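Below is structure_12.txt, holding compact mmCIF, C-alpha atoms and all ligand atoms.
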```txt
# COMPACT_ATOMS: atom_id res chain seq x y z
CA MET A 1 -31.94 -29.94 -21.63
CA PHE A 2 -34.71 -32.32 -20.66
CA ASN A 3 -34.88 -30.74 -17.20
CA THR A 4 -35.15 -27.25 -18.65
CA VAL A 5 -38.05 -28.35 -20.82
CA ARG A 6 -39.72 -29.95 -17.80
CA VAL A 7 -39.29 -26.86 -15.65
CA MET A 8 -40.74 -24.72 -18.42
CA ALA A 9 -43.69 -27.09 -18.76
CA ILE A 10 -44.33 -26.98 -15.01
CA CYS A 11 -44.17 -23.16 -15.00
CA ALA A 12 -46.59 -23.05 -17.91
CA MET A 13 -48.95 -25.40 -16.07
CA ALA A 14 -48.73 -23.30 -12.91
CA PHE A 15 -49.44 -20.20 -14.98
CA ALA A 16 -52.41 -21.88 -16.65
CA SER A 17 -53.62 -22.93 -13.21
CA LEU A 18 -53.32 -19.39 -11.89
CA SER A 19 -55.10 -17.91 -14.88
CA ALA A 20 -57.91 -20.49 -14.65
CA THR A 21 -58.26 -19.68 -10.93
CA SER A 22 -58.26 -15.92 -11.34
CA ALA A 23 -60.61 -16.17 -14.31
CA LEU A 24 -62.91 -18.08 -12.00
CA ALA A 25 -63.29 -15.10 -9.70
CA ASP A 26 -64.90 -13.14 -12.52
CA GLU A 27 -66.45 -15.46 -15.00
CA PRO A 28 -67.03 -19.15 -15.66
CA ILE A 29 -64.34 -21.28 -17.28
CA LEU A 30 -65.28 -21.62 -20.94
CA ILE A 31 -65.00 -25.04 -22.59
CA LYS A 32 -65.51 -25.02 -26.33
CA PHE A 33 -66.24 -28.55 -27.58
CA SER A 34 -65.83 -28.85 -31.33
CA HIS A 35 -66.52 -31.91 -33.48
CA VAL A 36 -67.10 -32.86 -37.09
CA VAL A 37 -70.27 -34.97 -37.02
CA ALA A 38 -74.00 -34.30 -36.68
CA ASP A 39 -75.80 -33.89 -33.36
CA ALA A 40 -77.76 -37.10 -33.98
CA THR A 41 -74.74 -39.41 -33.72
CA PRO A 42 -73.12 -41.07 -30.68
CA LYS A 43 -70.46 -38.34 -30.45
CA GLY A 44 -72.92 -35.52 -31.13
CA GLN A 45 -75.22 -36.80 -28.39
CA GLY A 46 -72.29 -37.22 -25.99
CA ALA A 47 -71.19 -33.63 -26.51
CA LEU A 48 -74.72 -32.35 -25.83
CA LEU A 49 -75.13 -34.51 -22.74
CA PHE A 50 -71.79 -33.22 -21.41
CA LYS A 51 -73.00 -29.65 -21.89
CA GLN A 52 -76.31 -30.41 -20.20
CA LEU A 53 -74.75 -32.05 -17.12
CA VAL A 54 -72.16 -29.30 -16.73
CA GLU A 55 -74.90 -26.70 -16.90
CA GLU A 56 -76.90 -28.58 -14.24
CA ARG A 57 -74.03 -29.20 -11.86
CA LEU A 58 -71.46 -26.48 -12.43
CA ALA A 59 -73.64 -23.50 -13.32
CA GLY A 60 -71.74 -20.26 -12.94
CA LYS A 61 -68.41 -22.11 -12.69
CA VAL A 62 -68.08 -23.73 -16.12
CA LYS A 63 -69.77 -22.90 -19.41
CA VAL A 64 -69.78 -25.31 -22.37
CA GLU A 65 -70.29 -24.39 -26.01
CA VAL A 66 -70.75 -27.25 -28.50
CA TYR A 67 -69.86 -26.77 -32.17
CA PRO A 68 -70.97 -29.74 -34.36
CA ASN A 69 -70.44 -30.42 -38.08
CA SER A 70 -66.95 -28.82 -38.33
CA SER A 71 -68.61 -25.45 -37.65
CA LEU A 72 -65.73 -24.19 -35.49
CA PHE A 73 -62.78 -26.38 -36.51
CA GLY A 74 -62.60 -29.26 -38.97
CA ASP A 75 -60.28 -32.20 -39.45
CA ALA A 76 -57.57 -30.07 -41.00
CA ASN A 77 -56.96 -27.84 -37.99
CA GLU A 78 -58.82 -29.03 -34.89
CA LEU A 79 -55.89 -30.72 -33.14
CA GLU A 80 -53.64 -27.74 -33.73
CA ALA A 81 -56.41 -25.50 -32.37
CA LEU A 82 -56.62 -27.69 -29.27
CA ARG A 83 -52.90 -27.50 -28.68
CA ASN A 84 -53.16 -23.71 -28.96
CA ASN A 85 -56.09 -23.71 -26.52
CA ASP A 86 -58.43 -22.17 -29.10
CA VAL A 87 -60.76 -25.07 -28.34
CA GLN A 88 -60.72 -27.13 -25.14
CA LEU A 89 -62.46 -30.42 -25.96
CA LEU A 90 -62.44 -32.56 -29.08
CA ALA A 91 -63.27 -36.18 -29.74
CA PRO A 92 -61.42 -37.04 -32.96
CA SER A 93 -61.55 -40.50 -34.37
CA LEU A 94 -58.61 -42.64 -33.24
CA ALA A 95 -57.40 -42.61 -36.86
CA LYS A 96 -56.62 -38.90 -36.62
CA PHE A 97 -53.78 -38.86 -34.10
CA GLU A 98 -51.10 -40.38 -36.30
CA GLN A 99 -48.81 -37.35 -36.17
CA TYR A 100 -48.77 -37.38 -32.36
CA THR A 101 -48.51 -41.11 -31.64
CA LYS A 102 -48.21 -44.19 -33.78
CA GLN A 103 -49.53 -46.46 -31.04
CA LEU A 104 -53.15 -45.50 -31.58
CA GLN A 105 -52.92 -46.89 -35.10
CA VAL A 106 -53.67 -50.22 -33.46
CA PHE A 107 -57.34 -49.26 -33.68
CA ASP A 108 -57.10 -48.96 -37.49
CA LEU A 109 -55.76 -52.46 -38.08
CA PRO A 110 -58.34 -54.33 -40.15
CA PHE A 111 -60.10 -57.31 -38.57
CA LEU A 112 -58.18 -56.97 -35.30
CA PHE A 113 -61.25 -56.59 -33.08
CA ASP A 114 -64.14 -59.00 -33.62
CA ASP A 115 -66.74 -56.52 -32.44
CA LEU A 116 -67.36 -53.41 -30.36
CA ASP A 117 -67.41 -55.44 -27.12
CA ALA A 118 -63.84 -56.53 -27.84
CA VAL A 119 -62.84 -52.92 -28.51
CA ASN A 120 -64.44 -51.98 -25.21
CA ARG A 121 -62.48 -54.60 -23.32
CA PHE A 122 -59.21 -53.39 -24.83
CA GLN A 123 -59.95 -49.77 -23.97
CA LYS A 124 -60.63 -50.71 -20.34
CA ARG A 125 -57.49 -52.78 -19.85
CA ALA A 126 -54.11 -51.41 -18.75
CA LYS A 127 -52.66 -51.04 -22.26
CA GLY A 128 -55.74 -49.24 -23.53
CA ARG A 129 -55.72 -46.88 -20.53
CA GLN A 130 -52.02 -46.24 -21.07
CA LEU A 131 -52.68 -45.04 -24.62
CA LEU A 132 -54.82 -42.21 -23.24
CA ARG A 133 -51.53 -40.75 -21.99
CA SER A 134 -49.55 -41.37 -25.15
CA MET A 135 -49.72 -37.76 -26.42
CA GLU A 136 -48.93 -35.78 -23.29
CA ASP A 137 -45.59 -34.67 -24.75
CA HIS A 138 -47.69 -32.85 -27.35
CA ASN A 139 -49.87 -31.16 -24.73
CA ILE A 140 -52.81 -33.49 -25.49
CA VAL A 141 -54.45 -35.44 -22.67
CA GLY A 142 -56.87 -38.30 -23.35
CA LEU A 143 -59.86 -38.21 -21.01
CA ALA A 144 -61.99 -41.10 -22.28
CA TYR A 145 -62.74 -43.40 -25.20
CA TRP A 146 -66.11 -42.95 -26.85
CA HIS A 147 -67.59 -45.53 -29.19
CA ASN A 148 -69.07 -44.93 -32.55
CA GLY A 149 -69.08 -48.35 -34.16
CA MET A 150 -67.71 -50.89 -36.59
CA LYS A 151 -67.04 -49.69 -40.14
CA GLN A 152 -68.81 -50.88 -43.29
CA LEU A 153 -67.57 -50.62 -46.86
CA SER A 154 -69.69 -48.69 -49.31
CA ALA A 155 -69.13 -48.22 -53.03
CA THR A 156 -70.61 -47.57 -56.43
CA ARG A 157 -70.48 -51.29 -57.13
CA ALA A 158 -71.23 -54.37 -55.06
CA LEU A 159 -68.28 -55.45 -52.95
CA ASN A 160 -68.59 -59.15 -52.23
CA MET A 161 -64.99 -60.29 -52.59
CA PRO A 162 -61.78 -58.26 -52.12
CA GLY A 163 -61.16 -58.27 -55.88
CA ASP A 164 -64.36 -56.26 -56.36
CA ALA A 165 -62.59 -53.23 -54.85
CA ASN A 166 -59.79 -53.41 -57.39
CA GLY A 167 -59.20 -50.05 -59.09
CA LEU A 168 -61.75 -48.11 -57.02
CA SER A 169 -60.69 -45.09 -55.02
CA PHE A 170 -61.85 -44.92 -51.38
CA ARG A 171 -62.04 -41.89 -49.13
CA ILE A 172 -60.01 -42.53 -45.98
CA GLN A 173 -59.21 -40.74 -42.75
CA PRO A 174 -55.60 -39.53 -42.44
CA SER A 175 -54.08 -42.88 -41.50
CA ALA A 176 -51.26 -44.78 -43.16
CA VAL A 177 -52.79 -48.02 -41.90
CA LEU A 178 -56.03 -47.34 -43.77
CA GLU A 179 -54.08 -46.45 -46.89
CA ALA A 180 -52.25 -49.77 -46.67
CA GLN A 181 -55.48 -51.63 -45.97
CA PHE A 182 -57.02 -50.49 -49.26
CA GLY A 183 -53.73 -51.08 -51.07
CA GLN A 184 -54.02 -54.74 -50.06
CA VAL A 185 -57.19 -55.12 -52.13
CA GLY A 186 -55.85 -53.26 -55.15
CA ALA A 187 -57.76 -50.08 -54.38
CA ASN A 188 -56.58 -46.48 -54.20
CA SER A 189 -57.35 -44.10 -51.39
CA GLN A 190 -57.64 -40.37 -50.79
CA LYS A 191 -57.31 -38.75 -47.38
CA LEU A 192 -60.16 -36.25 -47.16
CA PRO A 193 -61.68 -34.31 -44.26
CA PHE A 194 -65.00 -35.67 -43.07
CA SER A 195 -66.85 -32.54 -44.13
CA GLU A 196 -65.92 -33.27 -47.77
CA VAL A 197 -66.95 -36.93 -47.93
CA PHE A 198 -70.48 -36.52 -49.28
CA LYS A 199 -69.39 -34.19 -52.08
CA ALA A 200 -66.42 -36.36 -53.00
CA LEU A 201 -68.68 -39.40 -53.34
CA GLN A 202 -71.43 -37.49 -55.13
CA SER A 203 -69.06 -36.00 -57.69
CA GLY A 204 -67.27 -39.29 -58.31
CA GLN A 205 -63.93 -37.97 -57.02
CA VAL A 206 -63.90 -41.19 -54.99
CA GLN A 207 -66.11 -44.21 -55.50
CA GLY A 208 -66.14 -45.74 -52.04
CA ALA A 209 -65.75 -45.15 -48.34
CA GLU A 210 -65.67 -46.89 -44.96
CA ASN A 211 -67.90 -45.66 -42.17
CA PRO A 212 -70.05 -46.79 -39.29
CA TRP A 213 -73.81 -46.80 -39.97
CA SER A 214 -74.43 -43.61 -37.98
CA ASN A 215 -72.01 -41.59 -40.08
CA ILE A 216 -73.38 -43.05 -43.33
CA TYR A 217 -76.93 -42.19 -42.36
CA SER A 218 -76.34 -38.76 -40.82
CA GLN A 219 -74.26 -37.62 -43.80
CA LYS A 220 -76.71 -39.20 -46.29
CA LEU A 221 -73.87 -41.18 -47.83
CA HIS A 222 -76.27 -44.02 -48.64
CA GLU A 223 -77.92 -41.68 -51.15
CA VAL A 224 -74.73 -41.58 -53.21
CA GLN A 225 -73.45 -45.10 -52.51
CA PRO A 226 -75.72 -47.74 -54.04
CA PHE A 227 -74.04 -50.66 -52.24
CA ILE A 228 -72.95 -51.13 -48.63
CA SER A 229 -71.24 -54.36 -47.61
CA GLU A 230 -71.64 -55.23 -43.94
CA THR A 231 -67.99 -56.03 -43.37
CA ASN A 232 -67.49 -54.83 -39.77
CA HIS A 233 -63.83 -54.88 -40.78
CA GLY A 234 -62.58 -52.20 -38.42
CA VAL A 235 -63.60 -49.81 -35.73
CA LEU A 236 -64.27 -46.07 -35.70
CA ASP A 237 -64.03 -44.88 -32.13
CA TYR A 238 -62.99 -41.63 -30.52
CA MET A 239 -60.71 -40.25 -27.89
CA LEU A 240 -62.09 -37.36 -25.90
CA VAL A 241 -59.09 -35.07 -25.57
CA SER A 242 -58.20 -31.75 -24.02
CA ASN A 243 -55.22 -29.44 -23.93
CA SER A 244 -53.13 -30.82 -21.00
CA ARG A 245 -52.09 -27.40 -19.71
CA PHE A 246 -55.67 -26.15 -19.81
CA TRP A 247 -57.06 -29.32 -18.23
CA TYR A 248 -54.61 -29.58 -15.35
CA GLY A 249 -54.95 -25.83 -14.82
CA ILE A 250 -58.64 -26.16 -13.87
CA PRO A 251 -59.01 -25.86 -10.08
CA HIS A 252 -58.87 -29.35 -8.57
CA GLN A 253 -62.42 -29.55 -7.23
CA ILE A 254 -63.98 -28.41 -10.48
CA ARG A 255 -61.77 -30.71 -12.53
CA MET A 256 -62.85 -33.66 -10.36
CA GLU A 257 -66.48 -32.78 -10.99
CA LEU A 258 -65.86 -32.45 -14.72
CA GLU A 259 -64.10 -35.82 -14.79
CA ALA A 260 -67.02 -37.43 -12.94
CA ILE A 261 -69.39 -35.96 -15.55
CA ILE A 262 -67.17 -37.29 -18.33
CA ASP A 263 -67.32 -40.78 -16.77
CA GLU A 264 -71.09 -40.57 -16.69
CA VAL A 265 -71.35 -39.33 -20.29
CA THR A 266 -68.87 -41.97 -21.45
CA TYR A 267 -71.01 -44.68 -19.90
CA VAL A 268 -74.13 -43.42 -21.68
CA VAL A 269 -72.41 -42.88 -25.07
CA ASN A 270 -70.80 -46.30 -25.00
CA LYS A 271 -73.96 -48.04 -23.89
CA GLN A 272 -76.06 -46.46 -26.64
CA ALA A 273 -73.66 -46.37 -29.58
CA GLU A 274 -74.32 -49.88 -30.87
CA ALA A 275 -78.11 -49.46 -30.73
CA ALA A 276 -77.85 -46.06 -32.43
CA ASN A 277 -75.81 -47.60 -35.25
CA GLN A 278 -78.25 -50.49 -35.65
CA ALA A 279 -81.17 -48.03 -35.79
CA ASP A 280 -79.40 -46.06 -38.54
CA ARG A 281 -78.63 -49.31 -40.38
CA GLN A 282 -82.36 -50.05 -40.39
CA ARG A 283 -83.17 -46.52 -41.58
CA ILE A 284 -80.78 -47.04 -44.51
CA VAL A 285 -82.40 -50.38 -45.39
CA ASP A 286 -85.87 -48.81 -45.14
CA SER A 287 -84.83 -45.88 -47.37
CA GLY A 288 -84.32 -48.30 -50.27
CA ARG A 289 -81.55 -45.99 -51.53
CA SER A 290 -78.71 -48.43 -51.00
CA GLN A 291 -78.47 -52.20 -51.02
CA VAL A 292 -77.02 -53.65 -47.83
CA ILE A 293 -74.96 -56.71 -48.69
CA ASN A 294 -74.57 -59.45 -46.07
CA LEU A 295 -71.31 -61.27 -46.66
CA THR A 296 -71.07 -65.03 -46.21
CA ALA A 297 -68.53 -66.29 -43.68
CA GLU A 298 -66.26 -67.31 -46.57
CA GLN A 299 -66.48 -63.90 -48.24
CA ARG A 300 -65.67 -62.11 -44.98
CA GLN A 301 -62.74 -64.46 -44.41
CA ALA A 302 -61.43 -63.57 -47.89
CA TRP A 303 -61.42 -59.86 -46.96
CA ARG A 304 -59.69 -60.69 -43.68
CA ASP A 305 -57.02 -62.77 -45.45
CA ALA A 306 -56.42 -60.01 -47.99
CA MET A 307 -56.05 -57.22 -45.43
CA ARG A 308 -54.32 -59.12 -42.60
CA PRO A 309 -50.71 -58.48 -43.86
CA VAL A 310 -51.15 -54.86 -42.77
CA TRP A 311 -50.67 -56.00 -39.16
CA GLU A 312 -47.08 -57.10 -39.81
CA GLN A 313 -46.42 -54.02 -41.87
CA PHE A 314 -47.23 -51.71 -38.93
CA GLN A 315 -46.13 -53.89 -36.04
CA GLY A 316 -42.82 -52.04 -35.64
CA GLN A 317 -44.46 -48.62 -35.42
CA ILE A 318 -47.41 -49.55 -33.24
CA GLY A 319 -45.51 -51.95 -30.99
CA SER A 320 -46.07 -55.69 -30.87
CA ASP A 321 -46.98 -55.39 -27.15
CA VAL A 322 -49.93 -53.15 -28.09
CA ILE A 323 -51.09 -55.45 -30.89
CA LYS A 324 -50.74 -58.55 -28.69
CA ALA A 325 -52.76 -56.91 -25.90
CA ALA A 326 -55.48 -56.09 -28.44
CA GLN A 327 -55.57 -59.64 -29.77
CA THR A 328 -56.36 -61.11 -26.37
CA VAL A 329 -59.68 -59.26 -26.09
CA ASN A 330 -61.59 -61.23 -28.72
CA ARG A 331 -63.76 -64.04 -27.37
CA LYS A 332 -62.02 -66.43 -29.72
CA HIS A 333 -58.42 -65.36 -29.41
CA ARG A 334 -56.88 -65.71 -32.89
CA GLU A 335 -53.43 -65.06 -34.23
C1 LIG B 401 -64.29 -39.63 -40.32
O1 LIG B 401 -63.53 -38.72 -40.68
O2 LIG B 401 -64.74 -40.46 -41.10
C2 LIG B 401 -64.72 -39.71 -38.88
O3 LIG B 401 -63.57 -39.56 -38.09
C3 LIG B 401 -65.73 -38.69 -38.54
C4 LIG B 401 -66.15 -38.80 -37.10
O4 LIG B 401 -65.72 -37.99 -36.30
O5 LIG B 401 -66.91 -39.74 -36.82
```
As structure tokens, what does this structure read like?
Ligand code: LMR
Amino acid sequence: MFNTVRVMAICAMAFASLSATSALADEPILIKFSHVVADATPKGQGALLFKQLVEERLAGKVKVEVYPNSSLFGDANELEALRNNDVQLLAPSLAKFEQYTKQLQVFDLPFLFDDLDAVNRFQKRAKGRQLLRSMEDHNIVGLAYWHNGMKQLSATRALNMPGDANGLSFRIQPSAVLEAQFGQVGANSQKLPFSEVFKALQSGQVQGAENPWSNIYSQKLHEVQPFISETNHGVLDYMLVSNSRFWYGIPHQIRMELEAIIDEVTYVVNKQAEAANQADRQRIVDSGRSQVINLTAEQRQAWRDAMRPVWEQFQGQIGSDVIKAAQTVNRKHRE
């Protein structure tokens, strides 16, 4: 049975390869890159830089179309569209792959990574690299990790201690870990697509959210969230993914050139993401629309203590080897 499936997969890949090659004789290979955020964000800029470099170096061979702000596909259907080859590149947040692999949920565990540098170290090590391949059975290949940044908690009331979140409802990405995280502080959560977050906060459907600064600023969430606590409690990063059959069907030489471009773009995105988030943080402070709350070390520790049980809860699904590997990347290695 397994062999039959493998043979079918190989035939399909060979077919995809043939069609990509014959398409090449007539017209460029088209790569549609769809994402859900604004152009002026780390991911938005990465997508545009990818398009620019491909146009410079592979003109006539590959054409890239970028669709920001859920204008082609949104959270609800983009991964299915990728698997059907209706879109060829996406960079969903790592919280959005739950139905294809549980291992990536490691990135959602609260207070696991001390900062973005620690996340970066994990992504570069063997276990992190291995996770790029964790969805190949679903025809999804991971090409790179792209940073956005650490998440902050925003709400209609000041969140200083975990108890302050009690009874509020937070918008979350579709992740059971994030649901459990808010459950730990007595809060409710609603899984909503990114394109609906502003409206849900504005209308009061939910009263809080967790986002990196760049997403708060570019979606104007600070205009409907009077308080933002600088918790840095988790990470929101991306995996650049393609349809495996499409990707491995690209003629070898062109694929190598595309992968070299991706490496270059990844370097730029990851180098600039932290500064971009800090610039947006400052813009939010300057706007005067939302109060940025700096937590004391004791207050932050209280949030960590409240949310930490989620690690044990998901250890079985994620794999203790994955969690252990992630724990070793902090400068101060803590249990
Ligand atoms: C979210 O849904 O909050 C994020 O995944 C959006 C994004 O792509 O940054």
Just the number, please: distance in Å from CA of Arg304 (chain A) to CA of Asp115 (chain A), one decimal. 13.9 Å
Residues of region 134-206 of chain A that approach region 119-130 of chain A to 12 Å or less, counting only C-alpha atoms: could you list each one with the shortest pair of atoms and its distance in Å to one decimal, rows by chain and increasing residue number, as a Markdown table?
```
| residue | atom | partner | partner_atom | distance |
| --- | --- | --- | --- | --- |
| A:Ser134 | CA | A:Gln130 | CA | 6.8 |
| A:Met135 | CA | A:Gln130 | CA | 10.3 |
| A:Glu136 | CA | A:Gln130 | CA | 11.1 |
| A:Val141 | CA | A:Gln130 | CA | 11.2 |
| A:Gly142 | CA | A:Arg129 | CA | 9.1 |
| A:Leu143 | CA | A:Arg129 | CA | 9.6 |
| A:Ala144 | CA | A:Arg129 | CA | 8.7 |
| A:Tyr145 | CA | A:Gln123 | CA | 7.1 |
| A:Trp146 | CA | A:Asn120 | CA | 9.3 |
| A:His147 | CA | A:Asn120 | CA | 8.2 |
| A:Asn148 | CA | A:Val119 | CA | 10.9 |
| A:Gly149 | CA | A:Val119 | CA | 9.6 |
| A:Met150 | CA | A:Val119 | CA | 9.7 |
```
Please write out, as JSON, where the centre of an axis-aligned box around all listed atoms of ligand LIG 401 (chain B) lies and how long its edges are, in Å to one decimal, after adding 4 Å on each side.
```
{"center_x": -65.2, "center_y": -39.2, "center_z": -38.7, "size_x": 11.4, "size_y": 10.5, "size_z": 12.8}
```
Ligand LIG 401 (chain B): which residues are within 6 Å, counting all atoms listed in the file, as number ranges by chain? A: 36-37, 92-93, 173, 193-194
Just give me the gap between CA of Gln99 (chain A) and CA of Pro174 (chain A) in Å, one decimal is fine.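 Taking CA of Gln99 (chain A) as the start and CA of Pro174 (chain A) as the end point, the length is 9.5 Å.
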Who sits within 12 Å of Phe107 (chain A), all atoms listed in the file, same chain under 4 positions skipped, as a VMD selection string: chain A and resid 93 to 98 102 to 103 111 to 116 118 to 120 122 to 123 128 131 145 147 149 to 151 175 177 to 178 233 to 239 311 314 318 322 to 323 325 to 327
Can you tell me which residues surround region 208-216 of chain A at a distance of at most 8 Å, considering only C-alpha atoms, apart from same-chain residues fewer than 3 positions away, and format the answer as a ChimeraX atom specification? /A:37,41-42,148-156,168-172,201,219-222,225,235-236,276-278,280-281
Using the selection just defined, write its residues with C-alpha atoms as an mmCIF file, keeping the file's coordinate frame.
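Listing of out_11.cif after writing:
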```
data_model
loop_
_atom_site.group_PDB
_atom_site.id
_atom_site.type_symbol
_atom_site.label_atom_id
_atom_site.label_comp_id
_atom_site.auth_asym_id
_atom_site.auth_seq_id
_atom_site.Cartn_x
_atom_site.Cartn_y
_atom_site.Cartn_z
ATOM 1 C CA VAL A 37 -70.270 -34.970 -37.020
ATOM 2 C CA THR A 41 -74.740 -39.410 -33.720
ATOM 3 C CA PRO A 42 -73.120 -41.070 -30.680
ATOM 4 C CA ASN A 148 -69.070 -44.930 -32.550
ATOM 5 C CA GLY A 149 -69.080 -48.350 -34.160
ATOM 6 C CA MET A 150 -67.710 -50.890 -36.590
ATOM 7 C CA LYS A 151 -67.040 -49.690 -40.140
ATOM 8 C CA GLN A 152 -68.810 -50.880 -43.290
ATOM 9 C CA LEU A 153 -67.570 -50.620 -46.860
ATOM 10 C CA SER A 154 -69.690 -48.690 -49.310
ATOM 11 C CA ALA A 155 -69.130 -48.220 -53.030
ATOM 12 C CA THR A 156 -70.610 -47.570 -56.430
ATOM 13 C CA LEU A 168 -61.750 -48.110 -57.020
ATOM 14 C CA SER A 169 -60.690 -45.090 -55.020
ATOM 15 C CA PHE A 170 -61.850 -44.920 -51.380
ATOM 16 C CA ARG A 171 -62.040 -41.890 -49.130
ATOM 17 C CA ILE A 172 -60.010 -42.530 -45.980
ATOM 18 C CA LEU A 201 -68.680 -39.400 -53.340
ATOM 19 C CA GLN A 219 -74.260 -37.620 -43.800
ATOM 20 C CA LYS A 220 -76.710 -39.200 -46.290
ATOM 21 C CA LEU A 221 -73.870 -41.180 -47.830
ATOM 22 C CA HIS A 222 -76.270 -44.020 -48.640
ATOM 23 C CA GLN A 225 -73.450 -45.100 -52.510
ATOM 24 C CA VAL A 235 -63.600 -49.810 -35.730
ATOM 25 C CA LEU A 236 -64.270 -46.070 -35.700
ATOM 26 C CA ALA A 276 -77.850 -46.060 -32.430
ATOM 27 C CA ASN A 277 -75.810 -47.600 -35.250
ATOM 28 C CA GLN A 278 -78.250 -50.490 -35.650
ATOM 29 C CA ASP A 280 -79.400 -46.060 -38.540
ATOM 30 C CA ARG A 281 -78.630 -49.310 -40.380
#
```
Quick one: everything within 6 Å of region 242-244 of chain A, counting only C-alpha atoms, minus sequence neighbours fewer than 5 positions away in the same chain. Send it as a PyMOL selection string. chain A and resi 82-83+88-89+139-141
Interatomic distance between CA of Val206 (chain A) and CA of Ile284 (chain A)? 20.7 Å
Using all atoms listed in the file, which protein or nucleic acid residues come within 12 Å of Val66 (chain A)? Drop anything in the same chain fewer than 5 positions from it, and give the result as a ChimeraX atom specification. /A:30-39,43-52,71-73,87-91
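Nearest residue to Leu104 (chain A), choosing from A:Ile293, A:Val54, A:Leu132, A:Ala158 and counting all atoms listed in the file: A:Leu132.
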Under the rule that all atoms listed in the file are counted, which of A:Glu274, A:Asp137, A:Glu312, A:Glu230 is the nearest residue to Asp117 (chain A)?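 That would be A:Glu274, the residue with the smallest distance to Asp117 (chain A).
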Have a look at A:Ala76, A:Thr101, A:Val185, A:Val62 and name the one nearest to Gly319 (chain A); count only C-alpha atoms. A:Thr101
May I ask which of the residues A:Arg255, A:Lys63, A:Arg289, A:Arg133 is the closest one to Glu27 (chain A), counting only C-alpha atoms? A:Lys63
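Using all atoms listed in the file, the smallest distance between any of A:Trp303, A:Phe182, A:Phe246, A:Tyr217 and Ile29 (chain A) comes from A:Phe246.
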Using the partial input, fill out region 286-290 of chain A with all heavy atoms; write the result as a PDB file, in the frame of the given file.
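Wrote it out as out_2.pdb, contents follow:
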```pdb
ATOM      1  N   ASP A 286     -84.497 -49.260 -44.867  1.00  0.00           N
ATOM      2  CA  ASP A 286     -85.870 -48.810 -45.140  1.00  0.00           C
ATOM      3  C   ASP A 286     -85.917 -47.740 -46.238  1.00  0.00           C
ATOM      4  O   ASP A 286     -86.908 -47.624 -46.944  1.00  0.00           O
ATOM      5  CB  ASP A 286     -86.509 -48.231 -43.871  1.00  0.00           C
ATOM      6  CG  ASP A 286     -86.720 -49.299 -42.810  1.00  0.00           C
ATOM      7  OD1 ASP A 286     -86.612 -50.498 -43.148  1.00  0.00           O
ATOM      8  OD2 ASP A 286     -86.968 -48.937 -41.643  1.00  0.00           O
ATOM      9  N   SER A 287     -84.835 -46.953 -46.358  1.00  0.00           N
ATOM     10  CA  SER A 287     -84.830 -45.880 -47.370  1.00  0.00           C
ATOM     11  C   SER A 287     -84.837 -46.452 -48.790  1.00  0.00           C
ATOM     12  O   SER A 287     -85.227 -45.785 -49.735  1.00  0.00           O
ATOM     13  CB  SER A 287     -83.595 -44.990 -47.195  1.00  0.00           C
ATOM     14  OG  SER A 287     -82.435 -45.647 -47.712  1.00  0.00           O
ATOM     15  N   GLY A 288     -84.368 -47.670 -48.943  1.00  0.00           N
ATOM     16  CA  GLY A 288     -84.320 -48.300 -50.270  1.00  0.00           C
ATOM     17  C   GLY A 288     -83.296 -47.633 -51.189  1.00  0.00           C
ATOM     18  O   GLY A 288     -83.233 -47.944 -52.377  1.00  0.00           O
ATOM     19  N   ARG A 289     -82.495 -46.715 -50.675  1.00  0.00           N
ATOM     20  CA  ARG A 289     -81.550 -45.990 -51.530  1.00  0.00           C
ATOM     21  C   ARG A 289     -80.264 -46.789 -51.777  1.00  0.00           C
ATOM     22  O   ARG A 289     -79.524 -46.532 -52.720  1.00  0.00           O
ATOM     23  CB  ARG A 289     -81.168 -44.638 -50.905  1.00  0.00           C
ATOM     24  CG  ARG A 289     -82.330 -43.693 -50.698  1.00  0.00           C
ATOM     25  CD  ARG A 289     -82.907 -43.188 -52.022  1.00  0.00           C
ATOM     26  NE  ARG A 289     -81.999 -42.350 -52.762  1.00  0.00           N
ATOM     27  CZ  ARG A 289     -81.980 -41.026 -52.719  1.00  0.00           C
ATOM     28  NH1 ARG A 289     -82.822 -40.392 -51.938  1.00  0.00           N
ATOM     29  NH2 ARG A 289     -81.137 -40.338 -53.464  1.00  0.00           N
ATOM     30  N   SER A 290     -79.970 -47.706 -50.886  1.00  0.00           N
ATOM     31  CA  SER A 290     -78.710 -48.430 -51.000  1.00  0.00           C
ATOM     32  C   SER A 290     -78.954 -49.888 -50.618  1.00  0.00           C
ATOM     33  O   SER A 290     -79.749 -50.169 -49.714  1.00  0.00           O
ATOM     34  CB  SER A 290     -77.706 -47.793 -50.016  1.00  0.00           C
ATOM     35  OG  SER A 290     -76.444 -48.345 -50.193  1.00  0.00           O
TER      36      SER A 290
END
```
